[in-house]
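S.K.: Sharing model.txt below, compact mmCIF, C-alpha atoms:
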# COMPACT_ATOMS: atom_id res chain seq x y z
CA MET A 1 -63.23 53.54 252.82
CA GLN A 2 -62.39 53.58 249.12
CA GLN A 3 -63.46 49.93 248.78
CA VAL A 4 -66.78 50.76 250.46
CA ASN A 5 -67.37 53.64 248.01
CA GLN A 6 -66.55 51.40 245.07
CA ALA A 7 -68.93 48.73 246.32
CA PHE A 8 -71.65 51.35 246.78
CA TYR A 9 -71.40 52.62 243.20
CA ALA A 10 -71.14 49.08 241.86
CA LEU A 11 -74.38 48.33 243.71
CA LEU A 12 -76.02 51.44 242.19
CA PHE A 13 -75.03 50.25 238.74
CA LEU A 14 -76.34 46.75 239.45
CA ILE A 15 -79.69 48.13 240.68
CA MET A 16 -79.87 50.35 237.57
CA VAL A 17 -79.57 47.30 235.32
CA LEU A 18 -82.26 45.43 237.25
CA ALA A 19 -84.56 48.48 237.17
CA SER A 20 -84.05 48.81 233.42
CA PHE A 21 -85.19 45.18 233.09
CA PHE A 22 -88.65 46.28 234.20
CA HIS A 23 -88.43 49.52 232.18
CA MET A 24 -88.70 51.63 235.34
CA GLN A 25 -87.74 54.97 233.82
CA ALA A 26 -87.72 57.17 236.92
CA PRO A 27 -85.50 54.87 239.05
CA VAL A 28 -83.07 54.25 236.17
CA LEU A 29 -82.70 57.98 235.46
CA GLY A 30 -82.49 58.75 239.17
CA LEU A 31 -79.67 56.23 239.65
CA ALA A 32 -77.79 57.63 236.65
CA LEU A 33 -78.03 61.13 238.11
CA LEU A 34 -76.97 59.84 241.55
CA ILE A 35 -73.82 58.42 239.94
CA ILE A 36 -73.05 61.66 238.09
CA LEU A 37 -73.87 64.46 240.52
CA PRO A 38 -72.27 64.11 243.95
CA PRO A 39 -69.81 65.73 244.30
CA VAL A 40 -69.90 67.72 241.05
CA LYS A 41 -66.65 69.59 241.71
CA HIS A 42 -64.69 66.32 241.39
CA GLN A 43 -66.36 65.36 238.09
CA PHE A 44 -65.26 68.19 235.78
CA ALA A 45 -62.38 66.21 234.28
CA ALA A 46 -64.69 63.29 233.53
CA ILE A 47 -67.45 65.55 232.22
CA LYS A 48 -64.99 67.13 229.78
CA MET A 49 -64.37 63.65 228.38
CA ALA A 50 -68.07 63.46 227.53
CA GLY A 51 -67.75 66.38 225.12
CA VAL A 52 -67.86 64.14 222.05
CA PHE A 53 -71.21 62.72 223.20
CA ALA A 54 -72.57 66.14 224.19
CA VAL A 55 -72.38 67.01 220.48
CA LEU A 56 -75.45 64.77 220.10
CA PHE A 57 -77.46 67.59 221.72
CA ILE A 58 -76.69 70.03 218.89
CA PRO A 59 -79.07 68.51 216.29
CA ALA A 60 -81.88 68.54 218.89
CA VAL A 61 -81.33 72.26 219.50
CA LEU A 62 -81.21 72.94 215.76
CA GLY A 63 -84.46 70.97 215.43
CA LEU A 64 -86.18 73.93 217.06
CA ILE A 65 -85.55 75.99 213.90
CA ALA A 66 -88.40 74.13 212.22
CA GLY A 67 -90.20 72.83 215.32
CA TYR A 68 -90.47 75.86 217.59
CA GLN A 69 -94.18 76.22 216.81
CA ASN A 70 -94.98 72.66 217.90
CA ALA A 71 -96.54 71.90 221.27
CA THR A 72 -94.19 72.69 224.15
CA TYR A 73 -94.91 69.33 225.79
CA LEU A 74 -93.88 67.43 222.64
CA ILE A 75 -90.71 69.52 222.25
CA LEU A 76 -89.71 68.82 225.86
CA LYS A 77 -90.51 65.15 225.36
CA ASP A 78 -88.12 64.99 222.38
CA PHE A 79 -85.44 66.84 224.36
CA TYR A 80 -85.89 64.20 227.06
CA TYR A 81 -85.35 61.36 224.59
CA PHE A 82 -82.29 63.00 223.00
CA SER A 83 -80.77 63.51 226.46
CA ILE A 84 -80.94 59.79 227.29
CA PRO A 85 -77.80 58.60 225.42
CA VAL A 86 -75.77 61.57 226.68
CA LEU A 87 -76.89 60.97 230.27
CA PHE A 88 -76.08 57.25 230.30
CA MET A 89 -72.74 57.58 228.53
CA LEU A 90 -71.80 60.40 230.91
CA SER A 91 -72.74 58.21 233.89
CA GLY A 92 -70.45 55.51 232.48
CA ILE A 93 -67.61 58.03 232.14
CA VAL A 94 -68.08 59.23 235.73
CA LEU A 95 -68.42 55.63 236.93
CA ALA A 96 -64.92 54.96 235.58
CA ARG A 97 -63.61 57.37 238.23
CA ARG A 98 -65.50 55.56 240.98
CA ILE A 99 -65.10 51.85 240.20
CA GLU A 100 -61.90 49.99 239.31
CA VAL A 101 -61.85 47.90 236.15
CA GLU A 102 -61.99 44.49 237.83
CA LEU A 103 -65.01 45.39 239.97
CA PHE A 104 -66.84 46.95 237.01
CA LEU A 105 -66.35 43.84 234.87
CA LYS A 106 -67.47 41.58 237.72
CA THR A 107 -70.55 43.75 238.23
CA ILE A 108 -71.50 43.31 234.55
CA VAL A 109 -71.15 39.54 234.87
CA ILE A 110 -73.19 39.40 238.10
CA ALA A 111 -75.84 41.65 236.50
CA GLY A 112 -76.08 39.20 233.61
CA VAL A 113 -76.44 36.26 236.00
CA LEU A 114 -79.16 37.98 238.06
CA VAL A 115 -81.10 39.07 234.97
CA SER A 116 -80.85 35.50 233.60
CA PHE A 117 -82.34 34.12 236.83
CA VAL A 118 -85.05 36.77 236.89
CA VAL A 119 -86.23 36.18 233.31
CA THR A 120 -86.16 32.41 233.82
CA GLY A 121 -88.02 32.59 237.14
CA ILE A 122 -90.73 34.92 235.86
CA SER A 123 -91.19 32.88 232.68
CA ILE A 124 -91.64 29.65 234.65
CA SER A 125 -94.00 31.34 237.12
CA TYR A 126 -96.27 32.34 234.23
CA MET A 127 -96.08 29.28 231.99
CA GLY A 128 -94.61 26.52 234.11
CA VAL A 129 -91.61 24.44 233.07
CA GLY A 130 -92.93 24.54 229.51
CA ALA A 131 -91.36 27.99 229.31
CA LEU A 132 -87.97 26.28 229.12
CA ALA A 133 -88.96 24.66 225.83
CA ASP A 134 -90.76 27.72 224.42
CA PRO A 135 -89.06 30.81 225.89
CA TYR A 136 -90.32 33.05 223.09
CA SER A 137 -93.97 32.51 223.99
CA ALA A 138 -93.19 32.87 227.70
CA HIS A 139 -91.28 36.11 227.24
CA TYR A 140 -94.00 37.83 225.25
CA ALA A 141 -96.88 36.36 227.23
CA ILE A 142 -95.71 38.16 230.38
CA GLY A 143 -94.73 41.32 228.51
CA ILE A 144 -91.31 41.88 230.08
CA VAL A 145 -89.09 44.50 228.52
CA GLY A 146 -85.77 43.04 229.60
CA ALA A 147 -82.17 44.27 229.68
CA PRO A 148 -79.28 43.05 227.49
CA ALA A 149 -77.10 42.26 230.51
CA PRO A 150 -76.70 38.52 229.64
CA PRO A 151 -75.33 39.17 226.12
CA LEU A 152 -72.95 41.82 227.50
CA ALA A 153 -71.87 39.61 230.42
CA PHE A 154 -71.39 36.65 228.07
CA ALA A 155 -69.17 38.81 225.85
CA CYS A 156 -67.29 40.18 228.86
CA LEU A 157 -66.38 36.67 230.01
CA LEU A 158 -65.25 35.60 226.54
CA PHE A 159 -63.10 38.71 226.04
CA THR A 160 -61.41 38.34 229.42
CA ARG A 161 -60.53 34.79 228.42
CA LYS A 162 -59.28 35.99 225.01
CA PHE A 163 -56.94 38.49 226.66
CA ASN A 164 -55.94 36.26 229.61
CA ILE A 165 -57.57 38.53 232.20
CA THR A 166 -58.71 36.51 235.22
CA LEU A 167 -61.90 37.62 236.97
CA PHE A 168 -63.10 34.33 238.45
CA ARG A 169 -61.80 30.85 239.16
CA ARG A 170 -62.23 28.45 236.24
CA ALA A 171 -65.23 26.61 237.75
CA LEU A 172 -67.04 29.86 238.57
CA PHE A 173 -66.16 31.27 235.15
CA ASN A 174 -67.74 28.28 233.40
CA ILE A 175 -70.87 28.48 235.57
CA PHE A 176 -71.34 32.21 234.89
CA LEU A 177 -70.71 31.67 231.17
CA ALA A 178 -73.36 28.92 231.04
CA VAL A 179 -75.91 30.93 233.07
CA ASN A 180 -75.57 33.99 230.84
CA ALA A 181 -75.80 31.86 227.70
CA PHE A 182 -78.98 30.33 229.12
CA GLY A 183 -80.27 33.84 229.90
CA ILE A 184 -79.81 34.82 226.24
CA TYR A 185 -81.80 31.71 225.29
CA MET A 186 -84.59 32.45 227.77
CA PHE A 187 -85.05 35.98 226.47
CA ALA A 188 -85.61 34.59 222.96
CA SER A 189 -85.12 38.16 221.79
CA ARG A 190 -84.17 38.99 218.22
CA THR A 191 -82.62 42.21 219.51
CA TYR A 192 -80.41 40.39 222.03
CA PHE A 193 -79.48 37.85 219.39
CA ILE A 194 -78.13 40.71 217.25
CA ILE A 195 -76.18 42.11 220.24
CA THR A 196 -74.67 38.69 220.96
CA LEU A 197 -73.63 38.28 217.30
CA CYS A 198 -71.96 41.71 217.30
CA PHE A 199 -69.67 40.74 220.15
CA LEU A 200 -69.06 37.18 218.91
CA MET A 201 -68.03 38.59 215.53
CA LEU A 202 -65.50 40.83 217.26
CA LEU A 203 -63.89 37.82 218.96
CA VAL A 204 -62.61 36.55 215.62
CA VAL A 205 -62.69 39.53 213.27
CA ASP A 206 -59.30 40.82 214.44
CA LYS A 207 -57.77 37.72 212.86
CA ILE A 208 -59.21 38.50 209.42
CA LYS A 209 -56.70 39.85 206.94
CA LYS A 210 -56.86 43.64 206.61
CA ILE A 211 -57.65 43.43 202.90
CA TRP A 212 -61.03 41.86 203.72
CA ILE A 213 -62.16 44.31 206.40
CA PHE A 214 -63.58 47.09 204.22
CA PRO A 215 -65.33 44.72 201.75
CA ILE A 216 -67.03 43.00 204.72
CA ILE A 217 -68.09 46.34 206.22
CA PHE A 218 -69.43 47.44 202.81
CA VAL A 219 -71.49 44.25 202.37
CA LEU A 220 -72.90 44.48 205.92
CA GLY A 221 -73.78 48.14 205.40
CA LEU A 222 -75.49 47.31 202.11
CA LEU A 223 -77.54 44.57 203.78
CA VAL A 224 -78.66 46.95 206.54
CA ILE A 225 -79.89 49.42 203.90
CA VAL A 226 -81.51 46.90 201.54
CA LEU A 227 -83.14 44.40 203.92
CA PRO A 228 -85.79 46.80 205.31
CA PHE A 229 -87.23 47.16 201.82
CA ILE A 230 -87.39 43.40 201.15
CA THR A 231 -90.36 41.29 202.25
CA PHE A 232 -89.70 37.68 203.31
CA SER A 233 -92.56 35.19 203.30
CA VAL A 234 -92.49 32.87 206.33
CA ASP A 235 -94.85 30.46 207.99
CA SER A 236 -97.20 31.86 210.59
CA ASN A 237 -96.22 29.55 213.48
CA SER A 238 -94.51 31.04 216.50
CA THR A 239 -91.11 29.30 216.50
CA PHE A 240 -88.20 31.57 217.31
CA LEU A 241 -86.46 30.81 213.99
CA ASN A 242 -89.54 31.89 212.06
CA LYS A 243 -89.78 35.03 214.19
CA ILE A 244 -86.20 35.90 213.28
CA MET A 245 -86.90 35.43 209.57
CA GLY A 246 -90.20 37.25 210.00
CA SER A 247 -88.37 40.25 211.40
CA PHE A 248 -87.50 41.33 207.87
CA ASN A 249 -91.14 40.99 206.88
CA GLU A 250 -92.30 42.87 209.97
CA VAL A 251 -90.04 45.90 209.51
CA SER A 252 -89.96 46.02 205.71
CA ILE A 253 -90.92 49.57 204.77
CA GLY A 254 -94.05 49.81 202.63
CA ASN A 255 -97.39 51.56 202.20
CA TYR A 256 -99.66 48.75 203.38
CA ASN A 257 -103.33 49.21 202.56
CA THR A 258 -105.30 46.67 204.57
CA GLU A 259 -105.81 46.73 208.31
CA GLN A 260 -104.33 43.23 208.55
CA ASP A 261 -101.16 44.25 206.72
CA ILE A 262 -100.77 47.34 208.89
CA ASN A 263 -101.08 45.29 212.10
CA LEU A 264 -98.77 42.49 210.93
CA ARG A 265 -96.16 44.88 209.55
CA TYR A 266 -96.82 47.86 211.76
CA ARG A 267 -93.20 48.87 212.20
CA GLY A 268 -92.69 48.94 208.44
CA TYR A 269 -95.90 50.93 207.93
CA GLU A 270 -94.98 53.31 210.75
CA SER A 271 -91.54 53.85 209.16
CA PHE A 272 -93.08 54.43 205.73
CA MET A 273 -95.44 57.11 207.06
CA ALA A 274 -92.60 58.80 208.95
CA LEU A 275 -90.42 58.84 205.84
CA ARG A 276 -93.28 60.15 203.70
CA GLY A 277 -94.02 62.91 206.21
CA TYR A 278 -90.35 63.88 206.23
CA LEU A 279 -90.15 64.05 202.42
CA GLU A 280 -93.33 66.14 202.26
CA GLY A 281 -91.64 68.88 204.29
CA GLY A 282 -89.55 71.74 202.93
CA MET A 283 -85.79 72.24 202.82
CA ARG A 284 -85.75 73.45 206.43
CA ASP A 285 -87.43 70.22 207.58
CA TRP A 286 -85.07 68.07 205.48
CA VAL A 287 -81.99 69.71 206.98
CA PHE A 288 -83.03 70.36 210.60
CA GLY A 289 -86.13 68.17 211.09
CA GLY A 290 -88.74 69.43 213.51
CA LEU A 291 -88.53 68.87 217.25
CA GLY A 292 -91.95 68.05 218.67
CA LYS A 293 -93.30 66.91 215.31
CA LEU A 294 -95.95 64.15 215.27
CA ILE A 295 -96.04 61.36 212.69
CA ASP A 296 -99.41 61.11 210.94
CA LEU A 297 -100.35 57.45 210.36
CA LYS A 298 -103.34 58.50 208.19
CA THR A 299 -105.41 55.88 210.01
CA PHE A 300 -106.18 54.83 213.57
CA VAL A 301 -103.95 52.03 214.90
CA ARG A 302 -104.39 50.29 218.26
CA LEU A 303 -101.08 50.74 220.11
CA GLY A 304 -102.25 50.24 223.68
CA GLU A 305 -105.09 48.74 225.65
CA ASP A 306 -108.31 50.05 224.10
CA VAL A 307 -106.45 53.12 222.75
CA ASP A 308 -106.25 54.02 219.05
CA PHE A 309 -103.72 56.52 217.73
CA GLN A 310 -103.47 58.44 214.46
CA TYR A 311 -100.57 60.70 215.47
CA ILE A 312 -97.52 59.27 217.27
CA PRO A 313 -94.55 61.15 218.78
CA VAL A 314 -92.01 58.27 218.83
CA LEU A 315 -91.03 55.54 216.36
CA HIS A 316 -89.63 52.03 216.75
CA ASN A 317 -87.11 52.90 214.04
CA GLY A 318 -84.62 55.11 215.85
CA TRP A 319 -82.91 56.28 212.67
CA LEU A 320 -86.16 57.59 211.21
CA TYR A 321 -86.96 59.13 214.60
CA ILE A 322 -83.66 61.05 214.41
CA LEU A 323 -84.35 61.99 210.78
CA VAL A 324 -87.87 63.31 211.45
CA LYS A 325 -86.96 65.22 214.61
CA THR A 326 -83.48 66.54 213.73
CA GLY A 327 -83.25 66.12 209.95
CA ALA A 328 -80.21 65.18 207.91
CA VAL A 329 -78.01 67.08 210.39
CA GLY A 330 -79.01 64.69 213.17
CA VAL A 331 -78.44 61.50 211.19
CA ILE A 332 -75.06 62.73 209.92
CA THR A 333 -74.02 63.73 213.46
CA TYR A 334 -74.89 60.32 214.94
CA ILE A 335 -73.22 58.43 212.10
CA THR A 336 -70.08 60.60 212.26
CA ILE A 337 -69.62 60.23 216.02
CA PHE A 338 -70.34 56.51 216.33
CA PHE A 339 -68.67 55.32 213.13
CA GLY A 340 -65.75 57.53 214.14
CA LEU A 341 -65.52 55.57 217.39
CA ILE A 342 -65.53 52.27 215.49
CA ILE A 343 -62.75 53.39 213.13
CA THR A 344 -60.47 54.90 215.79
CA LYS A 345 -60.92 52.08 218.32
CA TRP A 346 -60.58 49.37 215.69
CA ARG A 347 -56.90 50.29 215.29
CA LEU A 348 -56.35 49.79 219.00
CA TYR A 349 -58.27 46.52 219.07
CA ALA A 350 -56.52 45.06 216.01
CA ASN A 351 -53.07 45.98 217.36
CA THR A 352 -51.82 42.58 218.54
CA ALA A 353 -48.85 44.26 220.26
CA GLY A 354 -51.13 46.50 222.34
CA LYS A 355 -51.90 46.10 226.03
CA PRO A 356 -54.67 43.49 226.58
CA VAL A 357 -56.80 45.81 228.73
CA ILE A 358 -56.71 48.53 226.03
CA ARG A 359 -57.66 46.01 223.35
CA MET A 360 -60.46 44.64 225.51
CA PHE A 361 -62.05 48.05 226.23
CA SER A 362 -61.66 48.97 222.55
CA ALA A 363 -63.62 45.80 221.73
CA PHE A 364 -66.31 46.80 224.23
CA ILE A 365 -66.61 50.23 222.58
CA ILE A 366 -66.93 48.73 219.09
CA GLY A 367 -69.34 46.02 220.28
CA CYS A 368 -71.59 48.44 222.17
CA VAL A 369 -71.63 50.92 219.26
CA LEU A 370 -72.42 48.22 216.69
CA SER A 371 -75.18 46.85 218.92
CA LEU A 372 -76.73 50.29 219.37
CA LEU A 373 -76.44 51.19 215.69
CA LEU A 374 -78.19 48.01 214.56
CA THR A 375 -80.84 47.70 217.27
CA ASN A 376 -81.63 51.41 216.93
CA TYR A 377 -83.33 50.40 213.70
CA ILE A 378 -85.67 48.04 215.60
CA VAL A 379 -86.20 49.37 219.16
CA THR A 380 -84.99 53.01 219.13
CA ALA A 381 -81.95 51.79 221.07
CA PHE A 382 -80.29 55.18 221.69
CA PHE A 383 -83.41 56.44 223.46
CA ASN A 384 -84.48 53.29 225.27
CA MET A 385 -84.03 52.60 229.01
CA GLU A 386 -83.62 48.94 228.13
CA MET A 387 -80.25 49.65 226.48
CA SER A 388 -78.85 51.72 229.35
CA VAL A 389 -76.33 49.02 230.32
CA LEU A 390 -74.78 49.20 226.83
CA MET A 391 -74.52 52.99 226.94
CA VAL A 392 -73.02 53.02 230.44
CA THR A 393 -70.48 50.37 229.40
CA LEU A 394 -69.66 52.42 226.30
CA GLY A 395 -68.95 55.50 228.42
CA TYR A 396 -66.90 53.52 230.96
CA SER A 397 -64.83 51.86 228.22
CA TYR A 398 -64.35 55.14 226.34
CA ILE A 399 -62.68 57.00 229.21
CA ASN A 400 -60.59 53.96 230.23
CA VAL A 401 -59.16 53.60 226.73
CA HIS A 402 -58.25 57.30 226.63
CA VAL A 403 -56.67 57.27 230.10
CA LEU A 404 -54.72 54.05 229.46
CA VAL A 405 -53.47 55.22 226.07
CA HIS A 406 -52.44 58.57 227.59
CA LYS A 407 -50.53 56.83 230.41
CA LEU A 408 -48.85 54.53 227.90
CA LYS A 409 -47.69 57.49 225.79
CA ILE A 410 -46.28 59.25 228.86
CA LYS A 411 -44.42 56.08 229.86
CA GLN A 412 -43.01 55.68 226.35
CA GLN A 413 -41.83 59.30 226.35
CA GLU A 414 -40.12 58.79 229.73
CA VAL A 415 -38.34 55.71 228.38
CA LYS A 416 -37.18 57.67 225.31
CA LEU A 417 -35.85 60.48 227.51
CA GLU A 418 -33.98 57.99 229.70
CA LEU A 419 -32.45 56.31 226.64
CA ALA A 420 -31.50 59.70 225.21
CA GLY A 421 -29.85 60.60 228.53
CA LEU A 422 -27.89 57.35 228.59
CA ALA A 423 -26.77 57.87 225.00
CA ALA A 424 -25.50 61.34 225.89
CA ILE A 425 -23.27 60.02 228.68
Could you write out this structure as C-alpha cells?

M.R.:
Amino acid sequence: MQQVNQAFYALLFLIMVLASFFHMQAPVLGLALLIILPPVKHQFAAIKMAGVFAVLFIPAVLGLIAGYQNATYLILKDFYYFSIPVLFMLSGIVLARRIEVELFLKTIVIAGVLVSFVVTGISISYMGVGALADPYSAHYAIGIVGAPAPPLAFACLLFTRKFNITLFRRALFNIFLAVNAFGIYMFASRTYFIITLCFLMLLVVDKIKKIWIFPIIFVLGLLVIVLPFITFSVDSNSTFLNKIMGSFNEVSIGNYNTEQDINLRYRGYESFMALRGYLEGGMRDWVFGGLGKLIDLKTFVRLGEDVDFQYIPVLHNGWLYILVKTGAVGVITYITIFFGLIITKWRLYANTAGKPVIRMFSAFIIGCVLSLLLTNYIVTAFFNMEMSVLMVTLGYSYINVHVLVHKLKIKQQEVKLELAGLAAI
C-alpha cells in the first residue's frame, strides 16, 4: 500500500513537471495543492519546516503599507505571485514525507527524459528534421515555454555518480544522461544553459582550495551587478552563440529613445523604467515598495498579439519586481534567506567526510538556489510556473538534509553515551 501511495505522488510530481512545460498554471497549482493538502493533520511537522520560506510572505504584507490604495485586483495578483515560491517549496517539503529518496531522484530523471522527447518531437513536427540543426529557431518558432527538467535530471545523474549512488544500471544511466544532454541542446535556452552551468560548477567547486572560494564568489557577484549595465555589440544573425552574447545587450539597463531600441532591448528598457519609478517614490516606497503598483513605460509597447501596453504589472527582471512591489525590505529578505541557504549548505557539501546523501542534497539546494537567483534576473524565476521543478526539488532537498543531519547527530550522541558507559565500567 505504501509503495502504491509513493507511486501515486511520484506520478503527480511527474505530471506537474509536464504541465509546467506548457505553462498550464491552473493544473500546476492544483497538483501542488493536491500534494500538500490531504490529509492536513499529518503535514504539520513538514509545514513547520517551511517556516523559513514563509518569511518570504512578510515583505508582501508590508508592501500594503504603501500600496493599500492600489487596485484590489492588482494587489491580489501580486499576492498570488509572491505565494508561488512558498507554495512550490512547501509542496517539495511535504513530498519528502510521501516519496523515498530513490524514487524521487528517479522521477526527476524520467521527467527530464520525457521533457527532452517532448521538446524534440514538437520541434521536429513544426520545422522538420532541420530543427535538429537549428533548435533555437525551432524552439521560438513554436513558442513553447518549457521546463528545466533536463538540466536538473542531467545534474542529478552526475551527482549520483559523483557520490557512488546507484539509481540505474550503467547502460540505462548512460542513455538517460545522453537523452537529457540532448534535451538541453534542443531547448537552446540561455536560461537553461545558466542552470546547467550552475550545477556543473558545483561538481568541481568542492575541490577548489578554501582560500579561493570567497574571491570567486566576489568576482561572480560583481559580474552579475555590472553586466546588466554594459552593452555588447553582436551580429544580428540568429545563431545560439550570438543570442547568448546578445543577452547582455538585450537586458542591459538603459533609457532607450527610439522605438527600435526599445523593441530590441525591451527587457533593459522595462527594467530602467521600473527602477526610475521606484527612485521617484518617497521613503515609504523605497523601504516597503507598493503592492499592486504598475510600472509606467511612458510609451506604448506591443507585448501581445495586437495589444499595446503603457502600464505593466509584472517585470521580466524578478529582482526589480521584488524591489518595486516590496521595496528594500523584500530584496534584503530574499537575499538573506537564499544566500543563507548557500552558506550553511556549502559547509555540508564541502565536508568530504560527510555522508554522500547529505552532500548530494546540499549540492541540490545550492544548485537550485543559484539557478533561481541568476535566472530571476531574466525570467522572474521565483514567480514563474516554468521553474516549479527547481523550487519543489529545493524544498524536498531542504527537509531531507535537516532530517538526515538530525538523525546523524542523534546517532553520534548515542555512540558517545555508549562509549562513556563503557569507560565507566

S.K.: Calculate how many Å separate atom CA of Asn174 of chain A from atom CA of Ile122 of chain A, rounding to one decimal.

M.R.: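 Atom CA of Asn174 of chain A sits 24.1 Å away from atom CA of Ile122 of chain A.
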
S.K.: Taking only residues of segment 134-167 of chain A that have an atom at most 9 Å from an atom of segment 361-371 of chain A, what is each one's shortest atom pair and its distance in Å to one decimal, using only C-alpha atoms, in chain and number order, as a tab-separated table?

M.R.:
residue	atom	partner	partner_atom	distance
A:Leu152	CA	A:Cys368	CA	8.6
A:Ala155	CA	A:Phe364	CA	8.6
A:Cys156	CA	A:Phe364	CA	8.1
A:Phe159	CA	A:Ala363	CA	8.3

S.K.: Around (-90.2, 53.4, 209.0) in the file's frame, which residues reach within 8 Å when counting all atoms listed in the file? Return as a list in words?

M.R.: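 Every residue inside that radius is included here: Val251, Ile253, Arg267, Gly268, Tyr269, Glu270, Ser271, Phe272, Met273, Ala274, Leu275, Leu315, His316, Asn317 and Leu320 of chain A.
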
S.K.: Next, the residues of the selection above should be written as an mmCIF file, in the coordinates of the input with C-alpha atoms.

M.R.:
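Contents of result.cif, freshly written:
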data_model
loop_
_atom_site.group_PDB
_atom_site.id
_atom_site.type_symbol
_atom_site.label_atom_id
_atom_site.label_comp_id
_atom_site.auth_asym_id
_atom_site.auth_seq_id
_atom_site.Cartn_x
_atom_site.Cartn_y
_atom_site.Cartn_z
ATOM 1 C CA VAL A 251 -90.040 45.900 209.510
ATOM 2 C CA ILE A 253 -90.920 49.570 204.770
ATOM 3 C CA ARG A 267 -93.200 48.870 212.200
ATOM 4 C CA GLY A 268 -92.690 48.940 208.440
ATOM 5 C CA TYR A 269 -95.900 50.930 207.930
ATOM 6 C CA GLU A 270 -94.980 53.310 210.750
ATOM 7 C CA SER A 271 -91.540 53.850 209.160
ATOM 8 C CA PHE A 272 -93.080 54.430 205.730
ATOM 9 C CA MET A 273 -95.440 57.110 207.060
ATOM 10 C CA ALA A 274 -92.600 58.800 208.950
ATOM 11 C CA LEU A 275 -90.420 58.840 205.840
ATOM 12 C CA LEU A 315 -91.030 55.540 216.360
ATOM 13 C CA HIS A 316 -89.630 52.030 216.750
ATOM 14 C CA ASN A 317 -87.110 52.900 214.040
ATOM 15 C CA LEU A 320 -86.160 57.590 211.210
#

S.K.: Would you mind telling me which residue in A:Phe382, A:Tyr349, A:Phe300, A:Tyr192 lies nearest to Tyr81 of chain A when using only C-alpha atoms?

M.R.: A:Phe382

S.K.: Any idea what's packed within 6 Å of Phe53 of chain A, counting all atoms listed in the file, ignoring anything in its chain fewer than 3 positions away? Could you give it as a PyMOL selection string?

M.R.: chain A and resi 50+56+86

S.K.: Which residue, A:Leu29, A:Leu11, A:Val115, A:Leu373, has the smallest gap to Phe176 of chain A when you use all atoms listed in the file?

M.R.: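 Using all atoms listed in the file, Phe176 of chain A sits closest to A:Val115.
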
S.K.: Could you give me, as CSV, every segment 292-341 of chain A residue with an atom at most 10 Å from segment 65-70 of chain A, plus its closest atom pair and distance in Å to one decimal, counting only C-alpha atoms, rows ordered by chain then number?

M.R.:
residue,atom,partner,partner_atom,distance
A:Gly292,CA,A:Asn70,CA,5.6
A:Lys293,CA,A:Asn70,CA,6.5
A:Leu294,CA,A:Asn70,CA,9.0
A:Lys325,CA,A:Gly67,CA,8.3
A:Thr326,CA,A:Ala66,CA,9.2
A:Gly327,CA,A:Ala66,CA,9.8

S.K.: Pick from A:Leu62, A:Asp206, A:Gly290, A:Tyr396: nearest to Leu348 of chain A, with only C-alpha atoms counted?

M.R.: A:Asp206
